[in-house]
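One file, target_24.pdb, carrying PDB, C-alpha atoms:
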ATOM      1  CA  MET O   1      -8.641 -27.245   3.494  1.00  0.00           C
ATOM      2  CA  PHE O   2      -7.809 -29.559   6.431  1.00  0.00           C
ATOM      3  CA  PHE O   3      -5.077 -32.172   6.066  1.00  0.00           C
ATOM      4  CA  ILE O   4      -3.116 -34.516   8.276  1.00  0.00           C
ATOM      5  CA  LYS O   5       0.566 -33.862   7.650  1.00  0.00           C
ATOM      6  CA  GLU O   6       3.762 -35.414   8.954  1.00  0.00           C
ATOM      7  CA  LEU O   7       6.143 -32.674  10.121  1.00  0.00           C
ATOM      8  CA  SER O   8       9.288 -32.243  12.187  1.00  0.00           C
ATOM      9  CA  HIS O   9      10.342 -29.676  14.781  1.00  0.00           C
ATOM     10  CA  THR O  10      13.618 -29.075  16.625  1.00  0.00           C
ATOM     11  CA  ILE O  11      13.286 -28.660  20.392  1.00  0.00           C
ATOM     12  CA  LEU O  12      16.056 -27.165  22.530  1.00  0.00           C
ATOM     13  CA  LEU O  13      15.899 -28.380  26.119  1.00  0.00           C
ATOM     14  CA  HIS O  14      17.679 -26.644  29.005  1.00  0.00           C
ATOM     15  CA  PRO O  15      19.740 -28.946  31.279  1.00  0.00           C
ATOM     16  CA  SER O  16      17.514 -28.133  34.261  1.00  0.00           C
ATOM     17  CA  TYR O  17      14.788 -30.275  32.622  1.00  0.00           C
ATOM     18  CA  PHE O  18      16.963 -33.408  32.301  1.00  0.00           C
ATOM     19  CA  GLY O  19      15.565 -36.130  34.519  1.00  0.00           C
ATOM     20  CA  PRO O  20      12.724 -38.614  34.891  1.00  0.00           C
ATOM     21  CA  ARG O  21      10.025 -36.243  33.490  1.00  0.00           C
ATOM     22  CA  MET O  22      12.075 -35.134  30.469  1.00  0.00           C
ATOM     23  CA  LEU O  23       9.872 -36.884  27.856  1.00  0.00           C
ATOM     24  CA  GLN O  24       6.748 -35.354  29.355  1.00  0.00           C
ATOM     25  CA  HIS O  25       8.334 -31.895  29.199  1.00  0.00           C
ATOM     26  CA  LEU O  26       9.416 -32.457  25.560  1.00  0.00           C
ATOM     27  CA  GLU O  27       5.848 -33.358  24.577  1.00  0.00           C
ATOM     28  CA  THR O  28       4.437 -30.278  26.326  1.00  0.00           C
ATOM     29  CA  LYS O  29       7.062 -28.043  24.697  1.00  0.00           C
ATOM     30  CA  LEU O  30       6.210 -29.468  21.252  1.00  0.00           C
ATOM     31  CA  TYR O  31       2.497 -28.719  21.720  1.00  0.00           C
ATOM     32  CA  THR O  32       3.135 -25.145  22.895  1.00  0.00           C
ATOM     33  CA  ASP O  33       5.761 -24.439  20.204  1.00  0.00           C
ATOM     34  CA  VAL O  34       3.829 -25.593  17.125  1.00  0.00           C
ATOM     35  CA  GLU O  35       0.058 -25.505  17.755  1.00  0.00           C
ATOM     36  CA  GLY O  36      -1.476 -22.305  16.422  1.00  0.00           C
ATOM     37  CA  THR O  37       1.526 -21.371  14.279  1.00  0.00           C
ATOM     38  CA  CYS O  38       1.805 -21.082  10.511  1.00  0.00           C
ATOM     39  CA  VAL O  39       4.301 -23.088   8.504  1.00  0.00           C
ATOM     40  CA  GLY O  40       4.082 -21.314   5.150  1.00  0.00           C
ATOM     41  CA  ALA O  41       4.302 -24.332   2.840  1.00  0.00           C
ATOM     42  CA  PHE O  42       1.894 -26.484   4.868  1.00  0.00           C
ATOM     43  CA  GLY O  43      -0.491 -23.930   6.393  1.00  0.00           C
ATOM     44  CA  TYR O  44      -1.676 -23.297   9.939  1.00  0.00           C
ATOM     45  CA  ILE O  45      -1.005 -26.076  12.439  1.00  0.00           C
ATOM     46  CA  ILE O  46      -4.317 -26.597  14.222  1.00  0.00           C
ATOM     47  CA  ALA O  47      -3.429 -29.510  16.514  1.00  0.00           C
ATOM     48  CA  VAL O  48      -0.776 -32.164  17.040  1.00  0.00           C
ATOM     49  CA  VAL O  49      -2.453 -35.558  16.577  1.00  0.00           C
ATOM     50  CA  SER O  50       0.421 -37.846  17.520  1.00  0.00           C
ATOM     51  CA  ILE O  51       4.143 -37.785  18.191  1.00  0.00           C
ATOM     52  CA  LEU O  52       5.915 -40.270  15.934  1.00  0.00           C
ATOM     53  CA  ASP O  53       9.496 -39.955  17.186  1.00  0.00           C
ATOM     54  CA  ILE O  54      11.142 -37.674  19.727  1.00  0.00           C
ATOM     55  CA  GLY O  55      14.606 -38.592  18.534  1.00  0.00           C
ATOM     56  CA  LYS O  56      17.859 -38.929  20.378  1.00  0.00           C
ATOM     57  CA  GLY O  57      19.045 -35.748  22.035  1.00  0.00           C
ATOM     58  CA  MET O  58      22.370 -34.204  21.103  1.00  0.00           C
ATOM     59  CA  VAL O  59      24.048 -32.034  23.741  1.00  0.00           C
ATOM     60  CA  LEU O  60      25.186 -28.775  22.175  1.00  0.00           C
ATOM     61  CA  PRO O  61      28.734 -27.638  22.971  1.00  0.00           C
ATOM     62  CA  ASN O  62      29.213 -24.549  25.183  1.00  0.00           C
ATOM     63  CA  THR O  63      25.522 -24.293  26.222  1.00  0.00           C
ATOM     64  CA  GLY O  64      24.724 -27.685  27.706  1.00  0.00           C
ATOM     65  CA  GLN O  65      21.307 -27.653  26.046  1.00  0.00           C
ATOM     66  CA  ALA O  66      20.080 -30.763  24.278  1.00  0.00           C
ATOM     67  CA  GLU O  67      18.632 -30.656  20.772  1.00  0.00           C
ATOM     68  CA  PHE O  68      15.830 -33.091  19.898  1.00  0.00           C
ATOM     69  CA  ILE O  69      14.548 -33.437  16.323  1.00  0.00           C
ATOM     70  CA  THR O  70      10.934 -34.490  16.796  1.00  0.00           C
ATOM     71  CA  ARG O  71       8.659 -35.978  14.128  1.00  0.00           C
ATOM     72  CA  TYR O  72       4.917 -35.615  14.626  1.00  0.00           C
ATOM     73  CA  ARG O  73       1.595 -35.806  12.804  1.00  0.00           C
ATOM     74  CA  ALA O  74      -0.658 -32.717  12.849  1.00  0.00           C
ATOM     75  CA  ILE O  75      -3.926 -31.373  11.470  1.00  0.00           C
ATOM     76  CA  VAL O  76      -3.133 -28.394   9.232  1.00  0.00           C
ATOM     77  CA  PHE O  77      -5.408 -25.783   7.641  1.00  0.00           C
ATOM     78  CA  LYS O  78      -4.349 -24.605   4.182  1.00  0.00           C
ATOM     79  CA  PRO O  79      -6.730 -22.530   2.048  1.00  0.00           C
ATOM     80  CA  PHE O  80      -6.793 -22.903  -1.742  1.00  0.00           C
ATOM     81  CA  LYS O  81      -7.979 -20.706  -4.582  1.00  0.00           C
ATOM     82  CA  GLY O  82     -11.626 -21.434  -5.409  1.00  0.00           C
ATOM     83  CA  GLU O  83     -12.470 -22.761  -1.945  1.00  0.00           C
ATOM     84  CA  VAL O  84     -15.665 -21.586  -0.224  1.00  0.00           C
ATOM     85  CA  VAL O  85     -15.312 -20.781   3.491  1.00  0.00           C
ATOM     86  CA  ASP O  86     -17.420 -19.239   6.236  1.00  0.00           C
ATOM     87  CA  GLY O  87     -16.087 -16.363   8.286  1.00  0.00           C
ATOM     88  CA  GLN O  88     -16.975 -13.491  10.558  1.00  0.00           C
ATOM     89  CA  VAL O  89     -16.535  -9.840   9.573  1.00  0.00           C
ATOM     90  CA  THR O  90     -13.989  -8.049  11.782  1.00  0.00           C
ATOM     91  CA  GLN O  91     -13.353  -4.701  10.016  1.00  0.00           C
ATOM     92  CA  LEU O  92     -15.172  -2.594   7.421  1.00  0.00           C
ATOM     93  CA  SER O  93     -14.219   0.393   5.303  1.00  0.00           C
ATOM     94  CA  LYS O  94     -15.270   1.829   1.945  1.00  0.00           C
ATOM     95  CA  MET O  95     -12.442  -0.230   0.381  1.00  0.00           C
ATOM     96  CA  GLY O  96     -14.010  -3.526   1.538  1.00  0.00           C
ATOM     97  CA  PHE O  97     -14.033  -5.712   4.633  1.00  0.00           C
ATOM     98  CA  TYR O  98     -11.903  -8.257   6.494  1.00  0.00           C
ATOM     99  CA  ALA O  99     -13.340 -11.585   7.635  1.00  0.00           C
ATOM    100  CA  GLU O 100     -11.736 -14.153   9.922  1.00  0.00           C
ATOM    101  CA  CYS O 101     -12.093 -17.754   8.751  1.00  0.00           C
ATOM    102  CA  GLY O 102     -10.527 -19.587  11.665  1.00  0.00           C
ATOM    103  CA  PRO O 103      -6.855 -18.543  11.791  1.00  0.00           C
ATOM    104  CA  LEU O 104      -7.042 -17.043   8.271  1.00  0.00           C
ATOM    105  CA  THR O 105      -7.929 -13.393   7.613  1.00  0.00           C
ATOM    106  CA  VAL O 106      -9.540 -12.777   4.205  1.00  0.00           C
ATOM    107  CA  PHE O 107      -9.927  -9.363   2.584  1.00  0.00           C
ATOM    108  CA  VAL O 108     -12.985  -8.811   0.370  1.00  0.00           C
ATOM    109  CA  SER O 109     -12.564  -5.746  -1.821  1.00  0.00           C
ATOM    110  CA  SER O 110     -15.544  -3.509  -2.623  1.00  0.00           C
ATOM    111  CA  GLN O 111     -15.150  -4.556  -6.299  1.00  0.00           C
ATOM    112  CA  LEU O 112     -15.753  -8.180  -5.238  1.00  0.00           C
ATOM    113  CA  ILE O 113     -19.010  -7.395  -3.388  1.00  0.00           C
ATOM    114  CA  HIS O 114     -22.463  -7.514  -5.070  1.00  0.00           C
ATOM    115  CA  PRO O 115     -23.163  -4.177  -6.788  1.00  0.00           C
ATOM    116  CA  GLY O 116     -26.430  -3.935  -4.813  1.00  0.00           C
ATOM    117  CA  LEU O 117     -24.525  -3.708  -1.524  1.00  0.00           C
ATOM    118  CA  LYS O 118     -23.479  -0.107  -0.945  1.00  0.00           C
ATOM    119  CA  PHE O 119     -21.164   1.164   1.784  1.00  0.00           C
ATOM    120  CA  ASP O 120     -22.960   3.331   4.334  1.00  0.00           C
ATOM    121  CA  SER O 121     -20.494   5.258   6.490  1.00  0.00           C
ATOM    122  CA  ASN O 122     -23.289   7.158   8.268  1.00  0.00           C
ATOM    123  CA  SER O 123     -24.811   4.047   9.822  1.00  0.00           C
ATOM    124  CA  ASN O 124     -23.678   3.004  13.266  1.00  0.00           C
ATOM    125  CA  PRO O 125     -21.703   0.734  12.926  1.00  0.00           C
ATOM    126  CA  PRO O 126     -20.574   1.319   9.300  1.00  0.00           C
ATOM    127  CA  SER O 127     -21.912  -1.341   6.944  1.00  0.00           C
ATOM    128  CA  PHE O 128     -22.495  -2.578   3.418  1.00  0.00           C
ATOM    129  CA  ALA O 129     -26.270  -2.693   2.972  1.00  0.00           C
ATOM    130  CA  SER O 130     -28.945  -3.501   0.401  1.00  0.00           C
ATOM    131  CA  ASP O 131     -32.693  -4.114   0.664  1.00  0.00           C
ATOM    132  CA  GLU O 132     -32.205  -7.832   1.486  1.00  0.00           C
ATOM    133  CA  GLN O 133     -29.036  -7.998   3.561  1.00  0.00           C
ATOM    134  CA  ILE O 134     -26.602  -5.998   5.679  1.00  0.00           C
ATOM    135  CA  ILE O 135     -22.920  -6.680   6.332  1.00  0.00           C
ATOM    136  CA  GLU O 136     -21.478  -5.107   9.470  1.00  0.00           C
ATOM    137  CA  LYS O 137     -18.902  -6.029  12.102  1.00  0.00           C
ATOM    138  CA  GLY O 138     -19.750  -9.457  13.570  1.00  0.00           C
ATOM    139  CA  THR O 139     -21.816 -10.638  10.571  1.00  0.00           C
ATOM    140  CA  SER O 140     -21.273 -14.239   9.439  1.00  0.00           C
ATOM    141  CA  VAL O 141     -20.480 -14.418   5.723  1.00  0.00           C
ATOM    142  CA  ARG O 142     -19.819 -17.149   3.193  1.00  0.00           C
ATOM    143  CA  LEU O 143     -17.095 -16.216   0.724  1.00  0.00           C
ATOM    144  CA  LYS O 144     -14.973 -17.734  -2.008  1.00  0.00           C
ATOM    145  CA  ILE O 145     -11.198 -17.426  -1.947  1.00  0.00           C
ATOM    146  CA  VAL O 146      -9.965 -15.947  -5.240  1.00  0.00           C
ATOM    147  CA  GLY O 147      -6.306 -15.710  -4.318  1.00  0.00           C
ATOM    148  CA  ALA O 148      -3.873 -16.675  -1.595  1.00  0.00           C
ATOM    149  CA  ARG O 149      -0.262 -15.717  -0.988  1.00  0.00           C
ATOM    150  CA  VAL O 150       1.908 -17.785   1.312  1.00  0.00           C
ATOM    151  CA  ASP O 151       4.794 -16.279   3.290  1.00  0.00           C
ATOM    152  CA  ALA O 152       7.089 -18.117   5.675  1.00  0.00           C
ATOM    153  CA  THR O 153       4.915 -17.418   8.716  1.00  0.00           C
ATOM    154  CA  GLU O 154       1.599 -16.116   7.362  1.00  0.00           C
ATOM    155  CA  ILE O 155      -1.030 -16.693   4.682  1.00  0.00           C
ATOM    156  CA  PHE O 156      -2.824 -13.768   3.028  1.00  0.00           C
ATOM    157  CA  ALA O 157      -6.088 -14.314   1.132  1.00  0.00           C
ATOM    158  CA  ILE O 158      -8.498 -12.297  -1.004  1.00  0.00           C
ATOM    159  CA  GLY O 159     -12.134 -13.337  -1.297  1.00  0.00           C
ATOM    160  CA  THR O 160     -15.341 -12.538  -3.137  1.00  0.00           C
ATOM    161  CA  ILE O 161     -19.045 -12.566  -2.323  1.00  0.00           C
ATOM    162  CA  LYS O 162     -20.083 -11.537  -5.832  1.00  0.00           C
ATOM    163  CA  GLU O 163     -21.192 -15.032  -6.941  1.00  0.00           C
ATOM    164  CA  ASP O 164     -24.414 -16.952  -6.269  1.00  0.00           C
ATOM    165  CA  HIS O 165     -25.007 -18.392  -2.768  1.00  0.00           C
ATOM    166  CA  LEU O 166     -22.263 -16.208  -1.241  1.00  0.00           C
ATOM    167  CA  GLY O 167     -22.750 -13.391   1.251  1.00  0.00           C
ATOM    168  CA  VAL O 168     -24.531 -13.209   4.586  1.00  0.00           C
ATOM    169  CA  VAL O 169     -25.157 -16.628   6.125  1.00  0.00           C
TER     170      VAL O 169
END
Would you write the structure of this file as structure tokens?
Amino acid sequence: MFFIKELSHTILLHPSYFGPRMLQHLETKLYTDVEGTCVGAFGYIIAVVSILDIGKGMVLPNTGQAEFITRYRAIVFKPFKGEVVDGQVTQLSKMGFYAECGPLTVFVSSQLIHPGLKFDSNSNPPSFASDEQIIEKGTSVRLKIVGARVDATEIFAIGTIKEDHLGVV
């Protein structure tokens, strides 16, 4: 789920930032560029832990900008099939519900919900309900990831609450 990974990022720096505080500006630009983004193969970058090497800048012809290839170490979040995570329900419909597990959004289909939980569109707000528990917007749930698809800038996941010890927390 959480890993420390060594990554690299290319920073373009405008000539107006050349000067005594250039390294400080490069560090700030690295943090703002990469934290909170998704690098498909590695997952979501949660935080930069340390900067290993800023690299020597190369001035690009015709623009005057400098290009720095920066190596850094970061905490990344990558979900795997079979992993159990906690999340908060954000949307519900008769097809299922969406839950946010940190930066990851997981869809739980109505086929992957306990058969005892029935969708009630007449309740306010709409919910999946049984005698013991109710799932509505804002409910904390524990779910198991049954599949994940990784794109270049996003991760899509499908979950289930049909197994033991899963559901409302």
Selection in question (the file shown): the PyMOL selection byres ((chain O and resi 110-117) around 9). Which residues does it include, as an MDAnalysis selection string?
chainID O and resid 93:97 108:109 118:119 128:131 133:135 159:163 167
Using the chain letters and numbers from this file, what does the PyMOL selection byres ((chain O and resi 28-39) around 8) select? Give the answer as a PDB file with C-alpha atoms, in the frame of the given file.
ATOM      1  CA  HIS O   9      10.342 -29.676  14.781  1.00  0.00           C
ATOM      2  CA  ILE O  11      13.286 -28.660  20.392  1.00  0.00           C
ATOM      3  CA  GLN O  24       6.748 -35.354  29.355  1.00  0.00           C
ATOM      4  CA  HIS O  25       8.334 -31.895  29.199  1.00  0.00           C
ATOM      5  CA  LEU O  26       9.416 -32.457  25.560  1.00  0.00           C
ATOM      6  CA  GLU O  27       5.848 -33.358  24.577  1.00  0.00           C
ATOM      7  CA  GLY O  40       4.082 -21.314   5.150  1.00  0.00           C
ATOM      8  CA  ALA O  41       4.302 -24.332   2.840  1.00  0.00           C
ATOM      9  CA  PHE O  42       1.894 -26.484   4.868  1.00  0.00           C
ATOM     10  CA  GLY O  43      -0.491 -23.930   6.393  1.00  0.00           C
ATOM     11  CA  TYR O  44      -1.676 -23.297   9.939  1.00  0.00           C
ATOM     12  CA  ILE O  45      -1.005 -26.076  12.439  1.00  0.00           C
ATOM     13  CA  ILE O  46      -4.317 -26.597  14.222  1.00  0.00           C
ATOM     14  CA  ALA O  47      -3.429 -29.510  16.514  1.00  0.00           C
ATOM     15  CA  VAL O  48      -0.776 -32.164  17.040  1.00  0.00           C
ATOM     16  CA  ALA O 152       7.089 -18.117   5.675  1.00  0.00           C
ATOM     17  CA  THR O 153       4.915 -17.418   8.716  1.00  0.00           C
ATOM     18  CA  GLU O 154       1.599 -16.116   7.362  1.00  0.00           C
ATOM     19  CA  ILE O 155      -1.030 -16.693   4.682  1.00  0.00           C
TER      20      ILE O 155
END
List as a ChimeraX atom specification the residues having at least one atom at most 9 Å from position (6.3, -41.0, 17.4) as given in the file, counting all atoms listed in the file.
/O:50-55,70-73
I would like the residues chosen by the PyMOL selection byres ((chain O and resi 3) around 8) on the shown file; could you give them as a PDB file with C-alpha atoms, keeping the file's coordinate frame?
ATOM      1  CA  MET O   1      -8.641 -27.245   3.494  1.00  0.00           C
ATOM      2  CA  PHE O   2      -7.809 -29.559   6.431  1.00  0.00           C
ATOM      3  CA  ILE O   4      -3.116 -34.516   8.276  1.00  0.00           C
ATOM      4  CA  LYS O   5       0.566 -33.862   7.650  1.00  0.00           C
ATOM      5  CA  ILE O  75      -3.926 -31.373  11.470  1.00  0.00           C
ATOM      6  CA  VAL O  76      -3.133 -28.394   9.232  1.00  0.00           C
ATOM      7  CA  PHE O  77      -5.408 -25.783   7.641  1.00  0.00           C
ATOM      8  CA  LYS O  78      -4.349 -24.605   4.182  1.00  0.00           C
TER       9      LYS O  78
END
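If you measure from each of O:Asp120, O:Asp86, O:Asp164, O:Asp151 to Gly102 (chain O) using all atoms listed in the file, the closest one turns out to be O:Asp86.
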Please compute the CA of Gly147 (chain O)-CA of Ser127 (chain O) distance, one decimal, in Å.
24.0 Å
Expressed in Å to a single decimal, how great is the separation between CA of Gly64 (chain O) and CA of Leu7 (chain O)?
26.1 Å
Would you mind exporting region 88-129 of chain O with N, CA and C atoms, as an mmCIF file, in the first residue's frame?
data_model
loop_
_atom_site.group_PDB
_atom_site.id
_atom_site.type_symbol
_atom_site.label_atom_id
_atom_site.label_comp_id
_atom_site.auth_asym_id
_atom_site.auth_seq_id
_atom_site.Cartn_x
_atom_site.Cartn_y
_atom_site.Cartn_z
ATOM 1 N N GLN O 88 -14.542 6.334 2.873
ATOM 2 C CA GLN O 88 -15.763 7.052 3.213
ATOM 3 C C GLN O 88 -16.629 7.149 1.965
ATOM 4 N N VAL O 89 -17.908 6.801 2.109
ATOM 5 C CA VAL O 89 -18.844 6.793 0.992
ATOM 6 C C VAL O 89 -19.095 8.233 0.529
ATOM 7 N N THR O 90 -18.983 8.450 -0.796
ATOM 8 C CA THR O 90 -19.188 9.787 -1.350
ATOM 9 C C THR O 90 -20.420 9.873 -2.243
ATOM 10 N N GLN O 91 -20.781 8.773 -2.940
ATOM 11 C CA GLN O 91 -21.940 8.773 -3.826
ATOM 12 C C GLN O 91 -22.635 7.432 -3.739
ATOM 13 N N LEU O 92 -23.955 7.431 -3.882
ATOM 14 C CA LEU O 92 -24.742 6.199 -3.892
ATOM 15 C C LEU O 92 -25.725 6.223 -5.046
ATOM 16 N N SER O 93 -25.974 5.048 -5.603
ATOM 17 C CA SER O 93 -27.041 4.864 -6.584
ATOM 18 C C SER O 93 -27.462 3.403 -6.516
ATOM 19 N N LYS O 94 -28.491 3.020 -7.269
ATOM 20 C CA LYS O 94 -28.925 1.629 -7.233
ATOM 21 C C LYS O 94 -27.878 0.702 -7.837
ATOM 22 N N MET O 95 -26.931 1.252 -8.611
ATOM 23 C CA MET O 95 -25.863 0.452 -9.212
ATOM 24 C C MET O 95 -24.758 0.111 -8.211
ATOM 25 N N GLY O 96 -24.647 0.881 -7.116
ATOM 26 C CA GLY O 96 -23.606 0.673 -6.127
ATOM 27 C C GLY O 96 -23.219 1.991 -5.487
ATOM 28 N N PHE O 97 -22.009 2.035 -4.916
ATOM 29 C CA PHE O 97 -21.556 3.289 -4.306
ATOM 30 C C PHE O 97 -20.077 3.502 -4.554
ATOM 31 N N TYR O 98 -19.649 4.764 -4.424
ATOM 32 C CA TYR O 98 -18.250 5.160 -4.524
ATOM 33 C C TYR O 98 -17.753 5.508 -3.124
ATOM 34 N N ALA O 99 -16.528 5.066 -2.822
ATOM 35 C CA ALA O 99 -15.907 5.391 -1.542
ATOM 36 C C ALA O 99 -14.511 5.943 -1.807
ATOM 37 N N GLU O 100 -14.147 6.976 -1.072
ATOM 38 C CA GLU O 100 -12.805 7.547 -1.180
ATOM 39 C C GLU O 100 -11.921 6.942 -0.109
ATOM 40 N N CYS O 101 -10.818 6.349 -0.548
ATOM 41 C CA CYS O 101 -9.813 5.765 0.349
ATOM 42 C C CYS O 101 -8.544 6.577 0.151
ATOM 43 N N GLY O 102 -8.463 7.710 0.840
ATOM 44 C CA GLY O 102 -7.357 8.630 0.603
ATOM 45 C C GLY O 102 -7.526 9.243 -0.779
ATOM 46 N N PRO O 103 -6.478 9.199 -1.619
ATOM 47 C CA PRO O 103 -6.602 9.767 -2.965
ATOM 48 C C PRO O 103 -7.314 8.836 -3.946
ATOM 49 N N LEU O 104 -7.565 7.594 -3.552
ATOM 50 C CA LEU O 104 -8.154 6.585 -4.429
ATOM 51 C C LEU O 104 -9.669 6.550 -4.290
ATOM 52 N N THR O 105 -10.379 6.510 -5.421
ATOM 53 C CA THR O 105 -11.828 6.332 -5.418
ATOM 54 C C THR O 105 -12.128 4.899 -5.835
ATOM 55 N N VAL O 106 -12.910 4.195 -5.008
ATOM 56 C CA VAL O 106 -13.241 2.787 -5.248
ATOM 57 C C VAL O 106 -14.736 2.677 -5.493
ATOM 58 N N PHE O 107 -15.108 1.942 -6.554
ATOM 59 C CA PHE O 107 -16.514 1.687 -6.835
ATOM 60 C C PHE O 107 -16.880 0.299 -6.312
ATOM 61 N N VAL O 108 -17.966 0.219 -5.559
ATOM 62 C CA VAL O 108 -18.486 -1.056 -5.061
ATOM 63 C C VAL O 108 -19.840 -1.282 -5.727
ATOM 64 N N SER O 109 -19.885 -2.268 -6.610
ATOM 65 C CA SER O 109 -21.100 -2.571 -7.350
ATOM 66 C C SER O 109 -22.141 -3.199 -6.426
ATOM 67 N N SER O 110 -23.416 -3.085 -6.798
ATOM 68 C CA SER O 110 -24.480 -3.671 -5.975
ATOM 69 C C SER O 110 -24.376 -5.199 -5.927
ATOM 70 N N GLN O 111 -23.731 -5.829 -6.925
ATOM 71 C CA GLN O 111 -23.510 -7.277 -6.886
ATOM 72 C C GLN O 111 -22.433 -7.663 -5.874
ATOM 73 N N LEU O 112 -21.598 -6.702 -5.461
ATOM 74 C CA LEU O 112 -20.524 -6.977 -4.515
ATOM 75 C C LEU O 112 -20.853 -6.456 -3.116
ATOM 76 N N ILE O 113 -22.146 -6.248 -2.850
ATOM 77 C CA ILE O 113 -22.640 -5.828 -1.541
ATOM 78 C C ILE O 113 -23.434 -6.993 -0.967
ATOM 79 N N HIS O 114 -23.411 -7.182 0.366
ATOM 80 C CA HIS O 114 -24.176 -8.259 1.009
ATOM 81 C C HIS O 114 -25.611 -8.280 0.479
ATOM 82 N N PRO O 115 -26.157 -9.471 0.214
ATOM 83 C CA PRO O 115 -27.527 -9.536 -0.303
ATOM 84 C C PRO O 115 -28.558 -8.957 0.668
ATOM 85 N N GLY O 116 -28.241 -8.913 1.959
ATOM 86 C CA GLY O 116 -29.159 -8.357 2.949
ATOM 87 C C GLY O 116 -29.303 -6.855 2.873
ATOM 88 N N LEU O 117 -28.314 -6.182 2.278
ATOM 89 C CA LEU O 117 -28.366 -4.723 2.131
ATOM 90 C C LEU O 117 -29.121 -4.387 0.851
ATOM 91 N N LYS O 118 -30.233 -3.716 0.994
ATOM 92 C CA LYS O 118 -31.066 -3.351 -0.154
ATOM 93 C C LYS O 118 -31.031 -1.836 -0.353
ATOM 94 N N PHE O 119 -31.043 -1.425 -1.615
ATOM 95 C CA PHE O 119 -31.034 0.006 -1.929
ATOM 96 C C PHE O 119 -32.417 0.590 -1.668
ATOM 97 N N ASP O 120 -32.434 1.695 -0.931
ATOM 98 C CA ASP O 120 -33.683 2.385 -0.608
ATOM 99 C C ASP O 120 -33.602 3.802 -1.169
ATOM 100 N N SER O 121 -34.244 4.013 -2.323
ATOM 101 C CA SER O 121 -34.188 5.331 -2.954
ATOM 102 C C SER O 121 -35.141 6.323 -2.295
ATOM 103 N N ASN O 122 -36.112 5.815 -1.524
ATOM 104 C CA ASN O 122 -37.085 6.696 -0.875
ATOM 105 C C ASN O 122 -36.553 7.334 0.405
ATOM 106 N N SER O 123 -35.516 6.749 0.980
ATOM 107 C CA SER O 123 -34.957 7.338 2.202
ATOM 108 C C SER O 123 -34.243 8.635 1.854
ATOM 109 N N ASN O 124 -34.070 9.480 2.864
ATOM 110 C CA ASN O 124 -33.382 10.739 2.636
ATOM 111 C C ASN O 124 -32.213 10.836 3.596
ATOM 112 N N PRO O 125 -30.968 10.696 3.177
ATOM 113 C CA PRO O 125 -30.475 10.506 1.820
ATOM 114 C C PRO O 125 -30.631 9.045 1.371
ATOM 115 N N PRO O 126 -30.529 8.762 0.057
ATOM 116 C CA PRO O 126 -30.617 7.381 -0.411
ATOM 117 C C PRO O 126 -29.554 6.518 0.272
ATOM 118 N N SER O 127 -29.887 5.234 0.475
ATOM 119 C CA SER O 127 -28.954 4.385 1.226
ATOM 120 C C SER O 127 -29.148 2.918 0.878
ATOM 121 N N PHE O 128 -28.144 2.117 1.247
ATOM 122 C CA PHE O 128 -28.255 0.669 1.277
ATOM 123 C C PHE O 128 -28.490 0.322 2.735
ATOM 124 N N ALA O 129 -29.556 -0.414 3.042
ATOM 125 C CA ALA O 129 -29.894 -0.650 4.445
ATOM 126 C C ALA O 129 -30.297 -2.099 4.671
#
